[in-house]
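So the structure is just underneath, and the comments pick up after that.
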Amino acid sequence: MWASATGEYRLSFLQLYSLSCGICHRLIMCAYKSTAALPCAPVKFLHLPVATMLSLVLSFLTFVILVCAKTVTYDWEITWVTASPDGFTRPVIGINGEWPCPTVEVDVGDRLVVHVTNSLGNQSTSLHWHGQNQRGTPFMDGTSGVAQCPIPPGSHFTYDFTVKARSSPYTRTH
Amino acid sequence: MGQFPDGLRGPLIVHDSAAPFAGKYDKELTITLSDWYHKQMPELLGSYESTSNANAGGQEPVPDANLINDSINTQIPVEPGKSYLIRIINVGNFAGQAVYFDGHPFTAVEVDGVYVDATTLAPRTFALPPGNVGASLSTPRTRLARTLPSTQRSMST
C-alpha cells in the first residue's frame, strides 16, 4: 500500500482477497486449537500437523501478494502557476497548484493510475511517459493526436498502465 | 504544443529490486537537469517555425538558463563515505547536458534504462541528451565535500 499524491491508500482486488483469505485461515486455526482434544493423533506432514502447514503456506502467500505489484494512484490537476527558478518570474504549468511537478515513484510491475484534470483553460494537454513501452496500452502513451485525443480544457483523463523498469521523465508529449 | 518546456515535466522513478546494483548503495538521489526559457512556448514555437527563421537557417531558440533540480541554487547534502545511487534525468527541451561530480568518483550503472557494467567515469563526463536518464553510484570523498554536479550545457545545431 502506498499513498497517492492526495494521500489515498489503494489495494487491488487480488490483494484484498488474499488478505481476507489469510485472516480467515488464522481464525479457523484459532478455532481448531480451541476444540477438545481429539481421540487420535493428528495427521502430520514434515513433522507438522497438516492444518498448521496449510496455515503457514497460506499466510506466506498472503504476505507475498500483499507486498508485490501494487497500484499507485495520483490525482493531478494541471494548472498555471507562477515560478521563478532563476530569478525571472514567469507563468509555468504545474500540478495541483505547485511547481516543480511532483516525482512519481513506483516499483517495477506496479500499476500506475493517474487521474488528470486539465484546468489550464487555454490549452489542451496530455501526459507522455517517456521510456515506458506501453505494451498492450498504446492509448496511455500521451501522444495527443497520435495515440489519444488531447485532453481539452476542463476535461478529465485517467492514465492506467503497468510500469516497466526504466526511470525517465514524464512530460507533455512533444 | 511544447508544454514540457513550460514546466509540465517531472521524474518517473521506477525501483527495480532485480537491478544488478540493487542493495549496493546506502541512499538514493534524483537530479533533474534542464534548460529553461523566459518566454513561453507558443511564442517561441511561432518564431522558430516562421518563414524568416527558416530563411535564416532554422535556428532553435536559445535557452536563458540551466536548472539543476529546477533551481539555480540547488544544494544537495551528502555524507562522506556513504554510497549514493544518483539518478540523473535530463528533463530539458533542447540542450544536452554533460555531468560530472567535481572531486568525487562516480560510476555509471545504468544508461537510458539499460543496465551496464559498472564503469568509472571520472574525469570524463556523463552525457545526457534531452529525455535521457542515467544512474551512477558515487561515494563522496571528504568531510568538506559540498560540490555535487557541475554541468556543461551543449547545444547541437
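Chain labels run A, B, ... following the order of the C-alpha cells; each chain numbers its residues from 1, and ligands are numbered from 1 in the order shown.
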Query - Selection: 7 Å around Asn66 (chain B), only C-alpha atoms, excl. self and same-chain fewer than 2 positions, as a list of chain:residue names - result: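 The neighbour list is B:Ser34, B:Asp35, B:Trp36, B:Ile68.
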Got time to write the residues from that selection, N, CA, C and O atoms, as an mmCIF file, in the first residue's frame?
data_model
loop_
_atom_site.group_PDB
_atom_site.id
_atom_site.type_symbol
_atom_site.label_atom_id
_atom_site.label_comp_id
_atom_site.auth_asym_id
_atom_site.auth_seq_id
_atom_site.Cartn_x
_atom_site.Cartn_y
_atom_site.Cartn_z
ATOM 1 N N SER B 34 17.765 20.632 -16.640
ATOM 2 C CA SER B 34 17.002 21.141 -17.773
ATOM 3 C C SER B 34 17.509 22.505 -18.193
ATOM 4 O O SER B 34 18.090 23.246 -17.394
ATOM 5 N N ASP B 35 17.275 22.791 -19.470
ATOM 6 C CA ASP B 35 17.400 24.156 -19.927
ATOM 7 C C ASP B 35 16.107 24.880 -19.554
ATOM 8 O O ASP B 35 15.128 24.256 -19.159
ATOM 9 N N TRP B 36 16.133 26.188 -19.654
ATOM 10 C CA TRP B 36 14.969 26.944 -19.193
ATOM 11 C C TRP B 36 14.850 28.215 -20.021
ATOM 12 O O TRP B 36 15.839 28.889 -20.288
ATOM 13 N N ILE B 68 19.304 22.890 -12.224
ATOM 14 C CA ILE B 68 19.539 21.596 -11.589
ATOM 15 C C ILE B 68 18.474 21.463 -10.516
ATOM 16 O O ILE B 68 18.365 22.302 -9.627
#
Query raised in the report: Which residues come within 10 Å of Val116 (chain A), counting only C-alpha atoms, excluding same-chain residues fewer than 5 positions away, as a list of chain:residue names?
Result: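 After dropping sequence-adjacent residues, the list is A:Tyr74, A:Asp75, A:Trp76, A:Glu77, A:Ile78, A:Ile95, A:Thr125, A:Ser126, A:Leu127, A:Ile151, A:Ser155, A:His156, A:Phe157, A:Thr158, A:Tyr159.
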Output file for the residues above (C-alpha atoms, as a PDB file, in the first residue's frame):
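Final output, saved to out01.pdb:
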ATOM      1  CA  TYR A  74      -2.242  10.011  -8.257  1.00  0.00           C
ATOM      2  CA  ASP A  75      -4.862  12.716  -8.679  1.00  0.00           C
ATOM      3  CA  TRP A  76      -3.439  15.608 -10.665  1.00  0.00           C
ATOM      4  CA  GLU A  77      -4.968  18.891 -11.690  1.00  0.00           C
ATOM      5  CA  ILE A  78      -2.881  20.642 -14.331  1.00  0.00           C
ATOM      6  CA  ILE A  95       0.336  20.166 -10.984  1.00  0.00           C
ATOM      7  CA  THR A 125      -2.847  18.746 -22.790  1.00  0.00           C
ATOM      8  CA  SER A 126      -1.747  15.174 -22.211  1.00  0.00           C
ATOM      9  CA  LEU A 127       0.957  13.329 -20.290  1.00  0.00           C
ATOM     10  CA  ILE A 151      -7.447  16.415 -23.065  1.00  0.00           C
ATOM     11  CA  SER A 155     -11.856  17.632 -19.129  1.00  0.00           C
ATOM     12  CA  HIS A 156     -10.503  14.579 -17.393  1.00  0.00           C
ATOM     13  CA  PHE A 157      -8.463  11.568 -18.447  1.00  0.00           C
ATOM     14  CA  THR A 158      -7.152   8.603 -16.481  1.00  0.00           C
ATOM     15  CA  TYR A 159      -3.796   7.061 -17.346  1.00  0.00           C
TER      16      TYR A 159
END
Requested in this report: List every residue of region 31-125 of chain B that DSSP, applied to the backbone, labels as strand (DSSP E), and write the result as a ChimeraX atom specification.
Outcome: /B:31-36,65-68,84-90,96-101,106-111,114-120
Considering only C-alpha atoms, give me a table of residues in chain B that are at most 9 Å from chain A, with the closest atom pair and distance in Å for each, as a tab-separated table.
residue	atom	partner	partner_atom	distance
B:Met1	CA	A:His174	CA	6.9
B:Gly2	CA	A:His174	CA	5.6
B:Gln3	CA	A:Arg172	CA	5.8
B:Phe4	CA	A:Arg172	CA	5.3
B:Pro5	CA	A:Val92	CA	8.9
B:Asp6	CA	A:Val92	CA	5.3
B:Gly7	CA	A:Ile93	CA	5.1
B:Leu8	CA	A:Ile93	CA	5.3
B:Arg9	CA	A:Thr171	CA	4.4
B:Gly10	CA	A:Pro169	CA	5.4
B:Pro11	CA	A:Pro169	CA	4.5
B:Leu12	CA	A:Val104	CA	4.7
B:Ile13	CA	A:Ser167	CA	4.5
B:Val14	CA	A:Ser167	CA	5.0
B:His15	CA	A:Asp107	CA	4.5
B:Asp16	CA	A:Val108	CA	5.5
B:Ser17	CA	A:Val108	CA	8.1
B:Thr32	CA	A:Pro169	CA	8.9
B:Trp36	CA	A:Asp86	CA	8.7
B:His38	CA	A:Arg90	CA	6.8
B:Lys39	CA	A:Arg90	CA	7.9
B:Gln40	CA	A:Pro91	CA	8.0
B:Ala65	CA	A:Asp86	CA	7.0
B:Asn66	CA	A:Asp86	CA	8.4
B:Leu67	CA	A:Pro85	CA	7.6
B:Asn69	CA	A:Pro100	CA	8.5
B:Asp70	CA	A:Pro85	CA	6.1
B:Ser71	CA	A:Pro85	CA	4.8
B:Ile72	CA	A:Asp86	CA	5.7
B:Asn73	CA	A:Asp86	CA	8.3
B:Arg87	CA	A:Ser167	CA	8.1
B:Ile89	CA	A:Ser168	CA	6.6
B:Asn90	CA	A:Pro169	CA	7.6
B:Val91	CA	A:Pro169	CA	6.0
B:Asp112	CA	A:Arg166	CA	7.5
B:Gly113	CA	A:Arg166	CA	4.7
B:Val114	CA	A:Arg166	CA	7.9
B:Gly131	CA	A:Pro169	CA	6.5
B:Asn132	CA	A:Ser168	CA	6.9
B:Val133	CA	A:Ser168	CA	6.0
B:Gly134	CA	A:Ser167	CA	8.6
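Distance-wise, CA of Thr30 (chain B) and CA of Thr137 (chain A) end up 27.4 Å apart.
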Selection near Phe139 (chain A), 10 Å with only C-alpha atoms, sequence-local residues under 5 positions removed, as a PDB file with all heavy atoms, in the first residue's frame:
ATOM      1  N   GLN A 134       4.646   0.819 -22.984  1.00  0.00           N
ATOM      2  CA  GLN A 134       3.182   0.779 -23.118  1.00  0.00           C
ATOM      3  C   GLN A 134       2.713  -0.432 -23.925  1.00  0.00           C
ATOM      4  O   GLN A 134       1.821  -0.339 -24.752  1.00  0.00           O
ATOM      5  CB  GLN A 134       2.661   2.072 -23.775  1.00  0.00           C
ATOM      6  CG  GLN A 134       2.990   3.338 -23.024  1.00  0.00           C
ATOM      7  CD  GLN A 134       2.226   3.492 -21.720  1.00  0.00           C
ATOM      8  OE1 GLN A 134       1.434   2.613 -21.362  1.00  0.00           O
ATOM      9  NE2 GLN A 134       2.482   4.570 -20.990  1.00  0.00           N
ATOM     10  N   SER A 144      -0.717  13.093 -27.957  1.00  0.00           N
ATOM     11  CA  SER A 144      -2.014  13.603 -28.408  1.00  0.00           C
ATOM     12  C   SER A 144      -2.012  13.801 -29.909  1.00  0.00           C
ATOM     13  O   SER A 144      -1.030  14.263 -30.509  1.00  0.00           O
ATOM     14  CB  SER A 144      -2.345  14.906 -27.693  1.00  0.00           C
ATOM     15  OG  SER A 144      -1.406  15.889 -28.006  1.00  0.00           O
ATOM     16  N   VAL A 146      -1.982  11.380 -31.891  1.00  0.00           N
ATOM     17  CA  VAL A 146      -1.422  10.144 -32.437  1.00  0.00           C
ATOM     18  C   VAL A 146      -2.085   8.938 -31.776  1.00  0.00           C
ATOM     19  O   VAL A 146      -2.735   8.131 -32.437  1.00  0.00           O
ATOM     20  CB  VAL A 146       0.109  10.107 -32.226  1.00  0.00           C
ATOM     21  CG1 VAL A 146       0.673   8.790 -32.722  1.00  0.00           C
ATOM     22  CG2 VAL A 146       0.770  11.284 -32.929  1.00  0.00           C
ATOM     23  N   ALA A 147      -1.911   8.789 -30.471  1.00  0.00           N
ATOM     24  CA  ALA A 147      -2.454   7.626 -29.765  1.00  0.00           C
ATOM     25  C   ALA A 147      -3.638   7.990 -28.879  1.00  0.00           C
ATOM     26  O   ALA A 147      -4.278   7.101 -28.325  1.00  0.00           O
ATOM     27  CB  ALA A 147      -1.365   6.962 -28.917  1.00  0.00           C
ATOM     28  N   GLN A 148      -3.877   9.270 -28.683  1.00  0.00           N
ATOM     29  CA  GLN A 148      -5.055   9.674 -27.921  1.00  0.00           C
ATOM     30  C   GLN A 148      -5.475  11.051 -28.403  1.00  0.00           C
ATOM     31  O   GLN A 148      -4.677  11.782 -29.007  1.00  0.00           O
ATOM     32  CB  GLN A 148      -4.767   9.733 -26.415  1.00  0.00           C
ATOM     33  CG  GLN A 148      -3.853  10.882 -25.985  1.00  0.00           C
ATOM     34  CD  GLN A 148      -3.905  11.154 -24.492  1.00  0.00           C
ATOM     35  OE1 GLN A 148      -3.143  10.590 -23.724  1.00  0.00           O
ATOM     36  NE2 GLN A 148      -4.818  12.016 -24.078  1.00  0.00           N
ATOM     37  N   CYS A 149      -6.749  11.380 -28.150  1.00  0.00           N
ATOM     38  CA  CYS A 149      -7.170  12.758 -28.375  1.00  0.00           C
ATOM     39  C   CYS A 149      -6.627  13.605 -27.229  1.00  0.00           C
ATOM     40  O   CYS A 149      -6.523  13.138 -26.095  1.00  0.00           O
ATOM     41  CB  CYS A 149      -8.699  12.848 -28.401  1.00  0.00           C
ATOM     42  SG  CYS A 149      -9.422  12.019 -29.825  1.00  0.00           S
ATOM     43  N   TYR A 159      -4.856   7.926 -16.839  1.00  0.00           N
ATOM     44  CA  TYR A 159      -3.796   7.061 -17.346  1.00  0.00           C
ATOM     45  C   TYR A 159      -3.709   5.837 -16.438  1.00  0.00           C
ATOM     46  O   TYR A 159      -3.688   5.975 -15.210  1.00  0.00           O
ATOM     47  CB  TYR A 159      -2.455   7.800 -17.384  1.00  0.00           C
ATOM     48  CG  TYR A 159      -2.431   8.885 -18.425  1.00  0.00           C
ATOM     49  CD1 TYR A 159      -2.775  10.200 -18.102  1.00  0.00           C
ATOM     50  CD2 TYR A 159      -2.102   8.593 -19.755  1.00  0.00           C
ATOM     51  CE1 TYR A 159      -2.776  11.187 -19.067  1.00  0.00           C
ATOM     52  CE2 TYR A 159      -2.107   9.572 -20.721  1.00  0.00           C
ATOM     53  CZ  TYR A 159      -2.449  10.870 -20.373  1.00  0.00           C
ATOM     54  OH  TYR A 159      -2.459  11.846 -21.329  1.00  0.00           O
ATOM     55  N   ASP A 160      -3.653   4.665 -17.039  1.00  0.00           N
ATOM     56  CA  ASP A 160      -3.688   3.419 -16.271  1.00  0.00           C
ATOM     57  C   ASP A 160      -2.860   2.401 -17.024  1.00  0.00           C
ATOM     58  O   ASP A 160      -3.294   1.891 -18.062  1.00  0.00           O
ATOM     59  CB  ASP A 160      -5.149   2.964 -16.124  1.00  0.00           C
ATOM     60  CG  ASP A 160      -5.276   1.729 -15.253  1.00  0.00           C
ATOM     61  OD1 ASP A 160      -4.248   1.126 -14.892  1.00  0.00           O
ATOM     62  OD2 ASP A 160      -6.421   1.368 -14.927  1.00  0.00           O
ATOM     63  N   PHE A 161      -1.650   2.097 -16.544  1.00  0.00           N
ATOM     64  CA  PHE A 161      -0.799   1.162 -17.248  1.00  0.00           C
ATOM     65  C   PHE A 161       0.155   0.504 -16.268  1.00  0.00           C
ATOM     66  O   PHE A 161       0.314   0.944 -15.117  1.00  0.00           O
ATOM     67  CB  PHE A 161      -0.021   1.849 -18.386  1.00  0.00           C
ATOM     68  CG  PHE A 161       0.879   2.961 -17.932  1.00  0.00           C
ATOM     69  CD1 PHE A 161       2.221   2.723 -17.686  1.00  0.00           C
ATOM     70  CD2 PHE A 161       0.401   4.252 -17.776  1.00  0.00           C
ATOM     71  CE1 PHE A 161       3.061   3.739 -17.261  1.00  0.00           C
ATOM     72  CE2 PHE A 161       1.233   5.280 -17.351  1.00  0.00           C
ATOM     73  CZ  PHE A 161       2.563   5.020 -17.103  1.00  0.00           C
TER      74      PHE A 161
END
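Atom to atom, CA of Gly96 (chain B) and CA of Ala127 (chain B) stand 7.1 Å apart.
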